[in-house]
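Dropping query-v5.cif in here (mmCIF, C-alpha atoms):
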data_structure
#
loop_
_atom_site.label_atom_id
_atom_site.label_comp_id
_atom_site.auth_asym_id
_atom_site.auth_seq_id
_atom_site.Cartn_x
_atom_site.Cartn_y
_atom_site.Cartn_z
CA MET A 38 -88.41 -16.60 1.75
CA ASP A 39 -91.41 -14.35 2.38
CA ALA A 40 -93.53 -15.14 -0.66
CA LEU A 41 -94.06 -17.98 -3.11
CA PRO A 42 -92.76 -16.84 -6.53
CA GLN A 43 -95.12 -17.14 -9.47
CA HIS A 44 -92.51 -18.95 -11.57
CA VAL A 45 -92.30 -21.68 -8.91
CA ARG A 46 -96.08 -22.12 -8.97
CA ILE A 47 -95.92 -22.39 -12.75
CA ALA A 48 -93.10 -24.93 -12.56
CA PHE A 49 -95.11 -27.17 -10.22
CA GLY A 50 -98.29 -26.87 -12.28
CA VAL A 51 -100.42 -24.73 -9.97
CA PRO A 52 -100.21 -21.22 -11.51
CA ASP A 53 -103.92 -20.50 -11.00
CA GLN A 54 -104.20 -21.77 -7.42
CA GLU A 55 -104.14 -19.02 -4.81
CA PRO A 56 -101.28 -19.77 -2.37
CA ARG A 57 -102.39 -20.11 1.23
CA PRO A 58 -99.66 -19.75 3.90
CA VAL A 59 -99.70 -22.72 6.28
CA ALA A 60 -97.60 -24.03 9.15
CA TRP A 61 -96.57 -27.51 8.08
CA ALA A 62 -95.00 -29.47 10.95
CA GLY A 63 -93.29 -26.32 12.17
CA GLN A 64 -92.21 -25.27 8.69
CA ARG A 65 -93.55 -22.35 6.70
CA ALA A 66 -95.17 -23.49 3.46
CA TRP A 67 -97.85 -22.60 0.93
CA GLN A 68 -100.84 -24.75 0.03
CA CYS A 69 -101.92 -24.45 -3.59
CA GLY A 70 -104.96 -26.68 -4.03
CA ASP A 71 -103.82 -30.24 -3.32
CA ALA A 72 -100.16 -29.27 -3.61
CA LEU A 73 -97.93 -27.96 -0.86
CA ILE A 74 -94.83 -25.96 -1.78
CA ARG A 75 -92.12 -25.14 0.73
CA PRO A 76 -88.63 -23.60 0.79
CA VAL A 77 -85.81 -26.04 1.45
CA SER A 78 -82.51 -25.33 3.18
CA ASP A 79 -80.51 -27.97 1.30
CA ASN A 80 -81.36 -28.68 -2.33
CA ALA A 81 -79.38 -31.93 -2.45
CA VAL A 82 -81.07 -33.38 0.65
CA ALA A 83 -84.51 -32.28 -0.56
CA ALA A 84 -83.99 -33.91 -3.96
CA TRP A 85 -82.66 -37.11 -2.37
CA SER A 86 -85.60 -37.23 0.07
CA ALA A 87 -88.10 -36.78 -2.76
CA GLY A 88 -86.48 -39.53 -4.79
CA VAL A 89 -86.73 -41.99 -1.89
CA LEU A 90 -90.29 -41.06 -0.87
CA ASP A 91 -91.49 -41.24 -4.46
CA GLY A 92 -91.25 -45.03 -4.49
CA LEU A 93 -91.49 -45.90 -0.81
CA GLU A 94 -94.40 -47.83 0.74
CA VAL A 95 -94.81 -47.91 4.52
CA ASP A 96 -97.54 -49.95 6.15
CA GLY A 97 -99.80 -47.74 8.26
CA VAL A 98 -97.98 -44.51 7.49
CA ARG A 99 -99.04 -41.81 5.04
CA LEU A 100 -96.24 -40.29 3.01
CA ALA A 101 -96.27 -36.84 1.47
CA ARG A 102 -95.70 -37.82 -2.14
CA PRO A 103 -93.27 -35.44 -3.84
CA LEU A 104 -94.24 -33.59 -7.00
CA ARG A 105 -91.93 -33.02 -9.94
CA SER A 106 -91.74 -29.75 -11.78
CA SER A 107 -92.73 -29.51 -15.42
CA ASP A 108 -89.14 -30.24 -16.44
CA GLY A 109 -88.78 -33.22 -14.07
CA ARG A 110 -86.93 -31.60 -11.18
CA TRP A 111 -87.70 -32.17 -7.50
CA VAL A 112 -86.36 -28.74 -6.49
CA VAL A 113 -86.87 -25.43 -8.30
CA ALA A 114 -84.93 -22.36 -7.15
CA GLY A 115 -84.83 -23.63 -3.56
CA TRP A 116 -88.47 -24.79 -3.49
CA ALA A 117 -89.88 -28.34 -3.32
CA ALA A 118 -93.47 -29.57 -3.64
CA CYS A 119 -95.52 -32.52 -2.50
CA ARG A 120 -99.13 -33.59 -2.13
CA PHE A 121 -100.83 -31.78 0.73
CA LEU A 122 -101.63 -34.08 3.65
CA PRO A 123 -104.10 -32.99 6.32
CA GLY A 124 -103.08 -33.36 9.94
CA THR A 125 -101.52 -31.76 12.98
CA ALA A 126 -98.63 -32.62 15.26
CA GLU A 127 -99.96 -34.20 18.45
CA PRO A 128 -98.32 -35.58 21.63
CA ARG A 129 -98.96 -39.19 20.59
CA HIS A 130 -95.42 -40.23 21.39
CA ASP A 131 -95.80 -44.02 21.26
CA GLU A 132 -97.51 -43.76 17.89
CA VAL A 133 -94.69 -41.58 16.58
CA VAL A 134 -92.12 -44.16 17.66
CA GLY A 135 -94.22 -46.90 16.08
CA ALA A 136 -94.45 -44.95 12.83
CA ALA A 137 -90.68 -44.42 12.92
CA MET A 138 -90.01 -48.14 13.30
CA ARG A 139 -92.29 -48.96 10.36
CA LEU A 140 -90.71 -46.22 8.28
CA HIS A 141 -87.25 -47.57 9.00
CA GLU A 142 -88.26 -51.11 8.13
CA ALA A 143 -89.06 -49.67 4.71
CA THR A 144 -85.84 -47.66 4.43
CA ALA A 145 -83.58 -50.50 5.57
CA GLY A 146 -82.78 -51.33 1.96
CA VAL A 147 -82.04 -47.75 0.87
CA LEU A 148 -78.39 -47.25 -0.01
CA ARG A 149 -76.31 -44.83 2.02
CA PRO A 150 -76.56 -41.48 0.22
CA ARG A 151 -73.26 -40.00 -0.91
CA LEU A 152 -74.43 -36.58 0.25
CA LEU A 153 -73.63 -37.72 3.80
CA ASP A 154 -69.94 -38.16 2.95
CA ASP A 155 -68.95 -34.50 3.20
CA ARG A 156 -71.70 -33.34 5.50
CA ASP A 157 -70.44 -31.05 8.25
CA ASP A 158 -73.25 -29.27 10.04
CA LEU A 159 -74.66 -29.14 13.56
CA LEU A 160 -76.59 -32.38 13.13
CA SER A 161 -73.73 -34.41 11.66
CA ARG A 162 -71.18 -33.13 14.17
CA SER A 163 -73.52 -33.83 17.07
CA VAL A 164 -74.37 -37.39 16.06
CA SER A 165 -70.71 -38.21 15.41
CA ALA A 166 -69.87 -36.95 18.90
CA ALA A 167 -72.73 -38.97 20.40
CA PHE A 168 -71.30 -42.17 18.90
CA GLY A 169 -67.76 -41.34 20.01
CA GLU A 170 -66.47 -40.77 16.48
CA ARG A 171 -65.61 -37.11 16.93
CA ARG A 172 -64.43 -34.89 19.76
CA LEU A 173 -66.13 -31.54 20.15
CA THR A 174 -65.46 -28.57 22.41
CA LEU A 175 -68.85 -27.95 23.98
CA ASP A 176 -70.03 -25.12 26.21
CA PRO A 177 -70.12 -26.65 29.72
CA ALA A 178 -73.04 -24.45 30.81
CA THR A 179 -75.38 -25.44 27.97
CA GLY A 180 -74.80 -29.20 27.89
CA GLY A 181 -71.08 -29.82 27.52
CA GLU A 182 -70.47 -30.75 31.16
CA LEU A 183 -73.39 -33.19 31.20
CA PHE A 184 -72.26 -34.63 27.85
CA VAL A 185 -68.82 -35.49 29.27
CA GLU A 186 -70.41 -37.03 32.36
CA LEU A 187 -72.77 -39.24 30.37
CA ALA A 188 -70.25 -40.19 27.68
CA ALA A 189 -68.41 -42.22 30.33
CA TYR A 190 -71.36 -44.67 30.32
CA ARG A 191 -71.05 -45.34 26.60
CA ARG A 192 -70.34 -48.97 25.66
CA PRO A 193 -69.83 -50.59 22.23
CA VAL A 194 -73.02 -51.60 20.41
CA ARG A 195 -73.69 -54.03 17.57
CA LEU A 196 -76.64 -52.16 16.13
CA VAL A 197 -76.74 -52.02 12.34
CA PRO A 198 -76.65 -48.59 10.66
CA GLN A 199 -79.07 -47.80 7.86
CA VAL A 200 -80.87 -44.81 6.38
CA VAL A 201 -83.06 -43.31 9.11
CA HIS A 202 -84.98 -40.10 9.65
CA GLY A 203 -83.29 -38.62 12.70
CA GLU A 204 -85.64 -35.70 13.37
CA LEU A 205 -89.15 -37.11 13.60
CA PHE A 206 -90.28 -35.55 16.88
CA GLY A 207 -92.81 -32.83 16.10
CA SER A 208 -92.82 -33.58 12.38
CA VAL A 209 -95.28 -36.50 12.25
CA LEU A 210 -98.83 -35.35 11.56
CA PHE A 211 -102.04 -37.14 12.55
CA ASP A 212 -105.33 -36.81 10.67
CA GLU A 213 -108.86 -37.16 12.06
CA ASP A 214 -108.57 -40.94 11.96
CA GLY A 215 -105.24 -40.92 13.77
CA ALA A 216 -103.22 -42.03 10.74
CA PRO A 217 -99.62 -40.76 11.01
CA ALA A 218 -98.00 -38.90 8.13
CA VAL A 219 -94.30 -38.40 7.40
CA LEU A 220 -93.48 -35.32 5.37
CA ASP A 221 -89.87 -35.71 4.28
CA LEU A 222 -86.64 -37.42 5.29
CA VAL A 223 -83.77 -35.95 7.30
CA PRO A 224 -81.14 -38.59 6.50
CA PHE A 225 -78.72 -40.17 8.92
CA TRP A 226 -76.75 -43.41 8.57
CA ARG A 227 -77.49 -44.74 12.04
CA PRO A 228 -79.39 -47.60 13.71
CA ALA A 229 -83.18 -47.50 13.68
CA GLU A 230 -83.09 -47.98 17.47
CA TRP A 231 -81.16 -44.73 17.81
CA ALA A 232 -83.74 -42.83 15.74
CA ALA A 233 -86.48 -44.22 18.01
CA ALA A 234 -84.46 -43.24 21.07
CA VAL A 235 -84.13 -39.63 19.85
CA ILE A 236 -87.92 -39.39 19.64
CA VAL A 237 -88.24 -40.72 23.19
CA VAL A 238 -85.60 -38.31 24.51
CA ASP A 239 -87.31 -35.38 22.79
CA ALA A 240 -90.70 -36.44 24.11
CA LEU A 241 -89.36 -36.62 27.67
CA ALA A 242 -87.44 -33.35 27.38
CA TRP A 243 -90.00 -31.18 25.63
CA GLY A 244 -93.16 -33.16 24.91
CA GLY A 245 -94.47 -33.82 28.41
CA ALA A 246 -94.14 -37.60 27.96
CA ASP A 247 -94.57 -39.94 30.90
CA GLU A 248 -91.62 -41.94 32.18
CA GLY A 249 -93.31 -45.15 31.07
CA LEU A 250 -92.45 -44.29 27.46
CA LEU A 251 -88.93 -45.51 28.19
CA GLU A 252 -90.18 -48.90 29.32
CA ARG A 253 -92.71 -49.40 26.55
CA TRP A 254 -89.91 -49.53 23.97
CA ALA A 255 -87.39 -51.40 26.10
CA HIS A 256 -87.77 -54.48 23.88
CA LEU A 257 -85.71 -52.75 21.19
CA ASP A 258 -82.15 -54.06 20.82
CA GLU A 259 -79.54 -52.45 23.07
CA TRP A 260 -82.12 -49.92 24.18
CA PRO A 261 -80.21 -48.37 27.11
CA GLN A 262 -77.21 -47.59 24.90
CA ALA A 263 -79.45 -46.34 22.09
CA LEU A 264 -81.11 -44.00 24.60
CA LEU A 265 -77.72 -42.84 25.87
CA ARG A 266 -76.63 -41.95 22.34
CA GLY A 267 -79.95 -40.17 21.82
CA VAL A 268 -79.34 -38.01 24.90
CA LEU A 269 -75.72 -37.36 23.93
CA TYR A 270 -76.83 -36.30 20.46
CA ARG A 271 -79.29 -33.78 21.83
CA LEU A 272 -76.82 -32.49 24.42
CA ALA A 273 -74.13 -31.96 21.78
CA LEU A 274 -76.61 -30.22 19.52
CA HIS A 275 -77.90 -28.03 22.33
CA ALA A 276 -74.42 -27.05 23.51
CA GLN A 277 -73.49 -25.87 19.99
CA HIS A 278 -76.73 -24.04 19.26
CA PRO A 279 -76.38 -20.25 19.22
CA GLU A 280 -79.71 -19.75 21.00
CA ALA A 281 -79.09 -22.33 23.74
CA SER A 282 -79.15 -21.29 27.38
CA VAL A 283 -79.09 -22.83 30.84
CA ARG A 284 -82.87 -22.41 30.90
CA THR A 285 -83.45 -24.37 27.68
CA LEU A 286 -81.25 -27.18 29.01
CA SER A 287 -83.64 -28.14 31.81
CA GLY A 288 -85.77 -30.51 29.74
CA LEU A 289 -82.72 -32.41 28.54
CA GLU A 290 -81.44 -32.64 32.09
CA ARG A 291 -84.69 -34.36 33.05
CA ALA A 292 -84.45 -36.79 30.13
CA ALA A 293 -80.80 -37.52 30.91
CA GLY A 294 -81.60 -38.32 34.52
CA LEU A 295 -84.30 -40.81 33.48
CA VAL A 296 -82.01 -42.48 30.95
CA VAL A 297 -79.04 -42.81 33.32
CA ARG A 298 -81.17 -44.81 35.75
CA ARG A 299 -81.58 -47.46 33.08
CA ILE A 300 -77.97 -47.88 32.04
#

Hey, can you dump this file as structure tokens for me?
Amino acid sequence: MDALPQHVRIAFGVPDQEPRPVAWAGQRAWQCGDALIRPVSDNAVAAWSAGVLDGLEVDGVRLARPLRSSDGRWVVAGWAACRFLPGTAEPRHDEVVGAAMRLHEATAGVLRPRLLDDRDDLLSRSVSAAFGERRLTLDPATGGELFVELAAYRRPVRLVPQVVHGELFGSVLFDEDGAPAVLDLVPFWRPAEWAAAVIVVDALAWGGADEGLLERWAHLDEWPQALLRGVLYRLALHAQHPEASVRTLSGLERAAGLVVRRI
């Protein structure tokens, strides 16, 4: 979507505010006064996320409060709105993991959304493969060979699944005071430790994180196996991605090597 339609601005109550294009945690969006309006790729997920965030309270984490349209909807013609939160994504990896753990303490009581039942996309296929629930044919050159090698280290875990945000790396914003902000929810029914592990894997692979990040969260339950599933998830996703290449695999290879040493 190249422009914010006038009827969407009217629906969300900001018809007279001049839209200002902004990059919002890597997403294209439009700021209209204190409202931020963005296109969504999945209306059902966006509406579910808004419904959860509307009543959620997370200690020490700012939440982008969703805005309803004039007729009560969370999504209008593929657009959703929330309160604009100032901040930028920063390489504060430990603080992102800490924010994730607090967020998931708050979402522990959220019921499993039915929209996950029939979900069949890159994310859902990749996480199912990471947990050994699904077999995928993966390109050996872009992660499939390493996936098979690492999957042999997988052991059963007793971690409890719950609603978690599985894609927090790069999407947590920090304001001038360093307060983290979470913008929306990308739902998975997986352990909170796994969601933390994905952040750590991403930070090691692409965020320039130091190796000590692995140790600083080693107190989390079944951490080595959570990390392994985090790496497997990213490898499966990478190997299925149409833009993946041997070159873009290098960061994950580094992260995988660091994780394997701790299994």

Quiz item: Near range 84-96 of chain A, counting all atoms listed in the file, which residues have an atom at most 9 Å away, once you skip same-chain residues fewer than 3 positions from it, shown as a ChimeraX atom specification?
Solution: /A:79-81,99-105,110-112,117,119,136,139-144,147,150,152,221-224

Take the selection from the previous step and output its residues with C-alpha atoms, as a compact mmCIF listing (two decimals), in the coordinates of the input.
# COMPACT_ATOMS: atom_id res chain seq x y z
CA ASP A 79 -80.51 -27.97 1.30
CA ASN A 80 -81.36 -28.68 -2.33
CA ALA A 81 -79.38 -31.93 -2.45
CA ARG A 99 -99.04 -41.81 5.04
CA LEU A 100 -96.24 -40.29 3.01
CA ALA A 101 -96.27 -36.84 1.47
CA ARG A 102 -95.70 -37.82 -2.14
CA PRO A 103 -93.27 -35.44 -3.84
CA LEU A 104 -94.24 -33.59 -7.00
CA ARG A 105 -91.93 -33.02 -9.94
CA ARG A 110 -86.93 -31.60 -11.18
CA TRP A 111 -87.70 -32.17 -7.50
CA VAL A 112 -86.36 -28.74 -6.49
CA ALA A 117 -89.88 -28.34 -3.32
CA CYS A 119 -95.52 -32.52 -2.50
CA ALA A 136 -94.45 -44.95 12.83
CA ARG A 139 -92.29 -48.96 10.36
CA LEU A 140 -90.71 -46.22 8.28
CA HIS A 141 -87.25 -47.57 9.00
CA GLU A 142 -88.26 -51.11 8.13
CA ALA A 143 -89.06 -49.67 4.71
CA THR A 144 -85.84 -47.66 4.43
CA VAL A 147 -82.04 -47.75 0.87
CA PRO A 150 -76.56 -41.48 0.22
CA LEU A 152 -74.43 -36.58 0.25
CA ASP A 221 -89.87 -35.71 4.28
CA LEU A 222 -86.64 -37.42 5.29
CA VAL A 223 -83.77 -35.95 7.30
CA PRO A 224 -81.14 -38.59 6.50

Quiz item: Which residue out of A:Arg253, A:His130, A:Arg120, A:Arg266 has the minimum interatomic distance to Val194 in chain A when all atoms listed in the file are used?
Solution: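 Checking each candidate against Val194 in chain A, we get A:Arg266 as the closest.
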
Quiz item: Which residue, A:Phe121, A:Trp116, A:Trp260, A:Trp226, has the smallest gap to Ser161 in chain A when you use only C-alpha atoms?
Solution: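 Among A:Phe121, A:Trp116, A:Trp260, A:Trp226, it is A:Trp226 that comes nearest to Ser161 in chain A.
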
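The neighbours of Ser208 in chain A here are the residues that come within 12 Å of it, using only C-alpha atoms and leaving out any residue fewer than 5 positions away in the same chain; they are Ala60, Trp61, Ala62, Gly63, Gln64, Ala101, Gly124, Thr125, Ala126, Glu127, Pro128, Arg129, His130, Val133, Val134, Ala136, Ala137, His202, Gly203, Pro217, Ala218, Val219, Leu220, Asp221, Leu222, Val223, Ile236 and Asp239 of chain A.
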
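A straight line drawn from CA of His278 in chain A to CA of Leu183 in chain A is 15.4 Å long.
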
Quiz item: In Å, with one decimal, what is the gap from CA of Leu205 in chain A to CA of Glu230 in chain A?
Solution: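 Computing it gives 13.0 Å between the two atoms.
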
Exercise. Find the spatial neighbours of Leu257 in chain A, counting only C-alpha atoms, within a cut-off of 12 Å - ignore same-chain residues fewer than 2 positions away - and output them as number ranges by chain.
Key: A: 134-135, 138, 196, 228-234, 251-255, 259-264

Take the residues that were just selected and, keeping C-alpha atoms, output them as an mmCIF file, in the coordinates of the input.
data_model
loop_
_atom_site.group_PDB
_atom_site.id
_atom_site.type_symbol
_atom_site.label_atom_id
_atom_site.label_comp_id
_atom_site.auth_asym_id
_atom_site.auth_seq_id
_atom_site.Cartn_x
_atom_site.Cartn_y
_atom_site.Cartn_z
ATOM 1 C CA VAL A 134 -92.120 -44.160 17.660
ATOM 2 C CA GLY A 135 -94.220 -46.900 16.080
ATOM 3 C CA MET A 138 -90.010 -48.140 13.300
ATOM 4 C CA LEU A 196 -76.640 -52.160 16.130
ATOM 5 C CA PRO A 228 -79.390 -47.600 13.710
ATOM 6 C CA ALA A 229 -83.180 -47.500 13.680
ATOM 7 C CA GLU A 230 -83.090 -47.980 17.470
ATOM 8 C CA TRP A 231 -81.160 -44.730 17.810
ATOM 9 C CA ALA A 232 -83.740 -42.830 15.740
ATOM 10 C CA ALA A 233 -86.480 -44.220 18.010
ATOM 11 C CA ALA A 234 -84.460 -43.240 21.070
ATOM 12 C CA LEU A 251 -88.930 -45.510 28.190
ATOM 13 C CA GLU A 252 -90.180 -48.900 29.320
ATOM 14 C CA ARG A 253 -92.710 -49.400 26.550
ATOM 15 C CA TRP A 254 -89.910 -49.530 23.970
ATOM 16 C CA ALA A 255 -87.390 -51.400 26.100
ATOM 17 C CA GLU A 259 -79.540 -52.450 23.070
ATOM 18 C CA TRP A 260 -82.120 -49.920 24.180
ATOM 19 C CA PRO A 261 -80.210 -48.370 27.110
ATOM 20 C CA GLN A 262 -77.210 -47.590 24.900
ATOM 21 C CA ALA A 263 -79.450 -46.340 22.090
ATOM 22 C CA LEU A 264 -81.110 -44.000 24.600
#

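Close contacts of Asp53 in chain A, defined as residues with an atom at most 10 Å away when counting all atoms listed in the file, with chain neighbours fewer than 5 positions off set aside, comprise A:Gln43, A:Arg46, A:Ile47, A:Cys69, A:Gly70.
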
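Closest to Glu280 in chain A among A:Leu250, A:Arg191, A:Thr179, A:Leu148 is A:Thr179, based on all atoms listed in the file.
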
Exercise. May I ask which of the residues A:Ser78, A:Ala83, A:Ser287, A:Ser106 is the closest one to Ala48 in chain A, counting all atoms listed in the file?
Key: A:Ser106

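CA of Gly249 in chain A is positioned 21.4 Å from CA of Leu187 in chain A.
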
Quiz item: Which neighbours of Val59 in chain A fall inside 10 Å, counting only C-alpha atoms, when residues of the same chain fewer than 3 positions from it are skipped, and could you give them as a PyMOL selection string?
Solution: chain A and resi 56+62-68+73-75

Place N, CA, C and O atoms on range 41-58 of chain A and deliver the coordinates as a PDB file, in the coordinates of the input.
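After the write, out38.pdb holds the following:
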ATOM      1  N   LEU A  41     -94.227 -16.897  -2.136  1.00  0.00           N
ATOM      2  CA  LEU A  41     -94.060 -17.980  -3.110  1.00  0.00           C
ATOM      3  C   LEU A  41     -94.007 -17.366  -4.509  1.00  0.00           C
ATOM      4  O   LEU A  41     -94.995 -16.809  -4.985  1.00  0.00           O
ATOM      5  N   PRO A  42     -92.873 -17.464  -5.201  1.00  0.00           N
ATOM      6  CA  PRO A  42     -92.760 -16.840  -6.530  1.00  0.00           C
ATOM      7  C   PRO A  42     -93.707 -17.471  -7.550  1.00  0.00           C
ATOM      8  O   PRO A  42     -93.958 -18.690  -7.518  1.00  0.00           O
ATOM      9  N   GLN A  43     -94.208 -16.660  -8.434  1.00  0.00           N
ATOM     10  CA  GLN A  43     -95.120 -17.140  -9.470  1.00  0.00           C
ATOM     11  C   GLN A  43     -94.447 -18.184 -10.361  1.00  0.00           C
ATOM     12  O   GLN A  43     -95.075 -19.174 -10.749  1.00  0.00           O
ATOM     13  N   HIS A  44     -93.170 -17.997 -10.670  1.00  0.00           N
ATOM     14  CA  HIS A  44     -92.510 -18.950 -11.570  1.00  0.00           C
ATOM     15  C   HIS A  44     -92.387 -20.334 -10.929  1.00  0.00           C
ATOM     16  O   HIS A  44     -92.348 -21.347 -11.623  1.00  0.00           O
ATOM     17  N   VAL A  45     -92.339 -20.382  -9.603  1.00  0.00           N
ATOM     18  CA  VAL A  45     -92.300 -21.680  -8.910  1.00  0.00           C
ATOM     19  C   VAL A  45     -93.662 -22.354  -8.993  1.00  0.00           C
ATOM     20  O   VAL A  45     -93.761 -23.564  -9.236  1.00  0.00           O
ATOM     21  N   ARG A  46     -94.723 -21.576  -8.819  1.00  0.00           N
ATOM     22  CA  ARG A  46     -96.080 -22.120  -8.970  1.00  0.00           C
ATOM     23  C   ARG A  46     -96.296 -22.650 -10.388  1.00  0.00           C
ATOM     24  O   ARG A  46     -96.883 -23.727 -10.581  1.00  0.00           O
ATOM     25  N   ILE A  47     -95.802 -21.935 -11.366  1.00  0.00           N
ATOM     26  CA  ILE A  47     -95.920 -22.390 -12.750  1.00  0.00           C
ATOM     27  C   ILE A  47     -95.148 -23.688 -12.949  1.00  0.00           C
ATOM     28  O   ILE A  47     -95.640 -24.637 -13.567  1.00  0.00           O
ATOM     29  N   ALA A  48     -93.945 -23.747 -12.390  1.00  0.00           N
ATOM     30  CA  ALA A  48     -93.100 -24.930 -12.560  1.00  0.00           C
ATOM     31  C   ALA A  48     -93.764 -26.178 -11.986  1.00  0.00           C
ATOM     32  O   ALA A  48     -93.650 -27.276 -12.549  1.00  0.00           O
ATOM     33  N   PHE A  49     -94.472 -26.025 -10.853  1.00  0.00           N
ATOM     34  CA  PHE A  49     -95.110 -27.170 -10.220  1.00  0.00           C
ATOM     35  C   PHE A  49     -96.566 -27.354 -10.648  1.00  0.00           C
ATOM     36  O   PHE A  49     -97.304 -28.144 -10.057  1.00  0.00           O
ATOM     37  N   GLY A  50     -96.990 -26.626 -11.664  1.00  0.00           N
ATOM     38  CA  GLY A  50     -98.290 -26.870 -12.280  1.00  0.00           C
ATOM     39  C   GLY A  50     -99.485 -26.315 -11.552  1.00  0.00           C
ATOM     40  O   GLY A  50    -100.609 -26.790 -11.756  1.00  0.00           O
ATOM     41  N   VAL A  51     -99.280 -25.310 -10.694  1.00  0.00           N
ATOM     42  CA  VAL A  51    -100.420 -24.730  -9.970  1.00  0.00           C
ATOM     43  C   VAL A  51    -100.422 -23.199 -10.116  1.00  0.00           C
ATOM     44  O   VAL A  51    -100.573 -22.472  -9.121  1.00  0.00           O
ATOM     45  N   PRO A  52    -100.300 -22.679 -11.343  1.00  0.00           N
ATOM     46  CA  PRO A  52    -100.210 -21.220 -11.510  1.00  0.00           C
ATOM     47  C   PRO A  52    -101.489 -20.487 -11.145  1.00  0.00           C
ATOM     48  O   PRO A  52    -101.447 -19.300 -10.796  1.00  0.00           O
ATOM     49  N   ASP A  53    -102.637 -21.170 -11.233  1.00  0.00           N
ATOM     50  CA  ASP A  53    -103.920 -20.500 -11.000  1.00  0.00           C
ATOM     51  C   ASP A  53    -104.467 -20.741  -9.592  1.00  0.00           C
ATOM     52  O   ASP A  53    -105.543 -20.246  -9.257  1.00  0.00           O
ATOM     53  N   GLN A  54    -103.750 -21.511  -8.790  1.00  0.00           N
ATOM     54  CA  GLN A  54    -104.200 -21.770  -7.420  1.00  0.00           C
ATOM     55  C   GLN A  54    -103.655 -20.680  -6.497  1.00  0.00           C
ATOM     56  O   GLN A  54    -102.464 -20.402  -6.480  1.00  0.00           O
ATOM     57  N   GLU A  55    -104.551 -20.073  -5.731  1.00  0.00           N
ATOM     58  CA  GLU A  55    -104.140 -19.020  -4.810  1.00  0.00           C
ATOM     59  C   GLU A  55    -103.331 -19.625  -3.656  1.00  0.00           C
ATOM     60  O   GLU A  55    -103.821 -20.505  -2.946  1.00  0.00           O
ATOM     61  N   PRO A  56    -102.093 -19.195  -3.445  1.00  0.00           N
ATOM     62  CA  PRO A  56    -101.280 -19.770  -2.370  1.00  0.00           C
ATOM     63  C   PRO A  56    -101.828 -19.379  -0.996  1.00  0.00           C
ATOM     64  O   PRO A  56    -102.146 -18.216  -0.746  1.00  0.00           O
ATOM     65  N   ARG A  57    -101.922 -20.351  -0.142  1.00  0.00           N
ATOM     66  CA  ARG A  57    -102.390 -20.110   1.230  1.00  0.00           C
ATOM     67  C   ARG A  57    -101.261 -20.454   2.201  1.00  0.00           C
ATOM     68  O   ARG A  57    -100.840 -21.606   2.274  1.00  0.00           O
ATOM     69  N   PRO A  58    -100.738 -19.458   2.944  1.00  0.00           N
ATOM     70  CA  PRO A  58     -99.660 -19.750   3.900  1.00  0.00           C
ATOM     71  C   PRO A  58    -100.149 -20.722   4.976  1.00  0.00           C
ATOM     72  O   PRO A  58    -101.239 -20.557   5.532  1.00  0.00           O
TER      73      PRO A  58
END
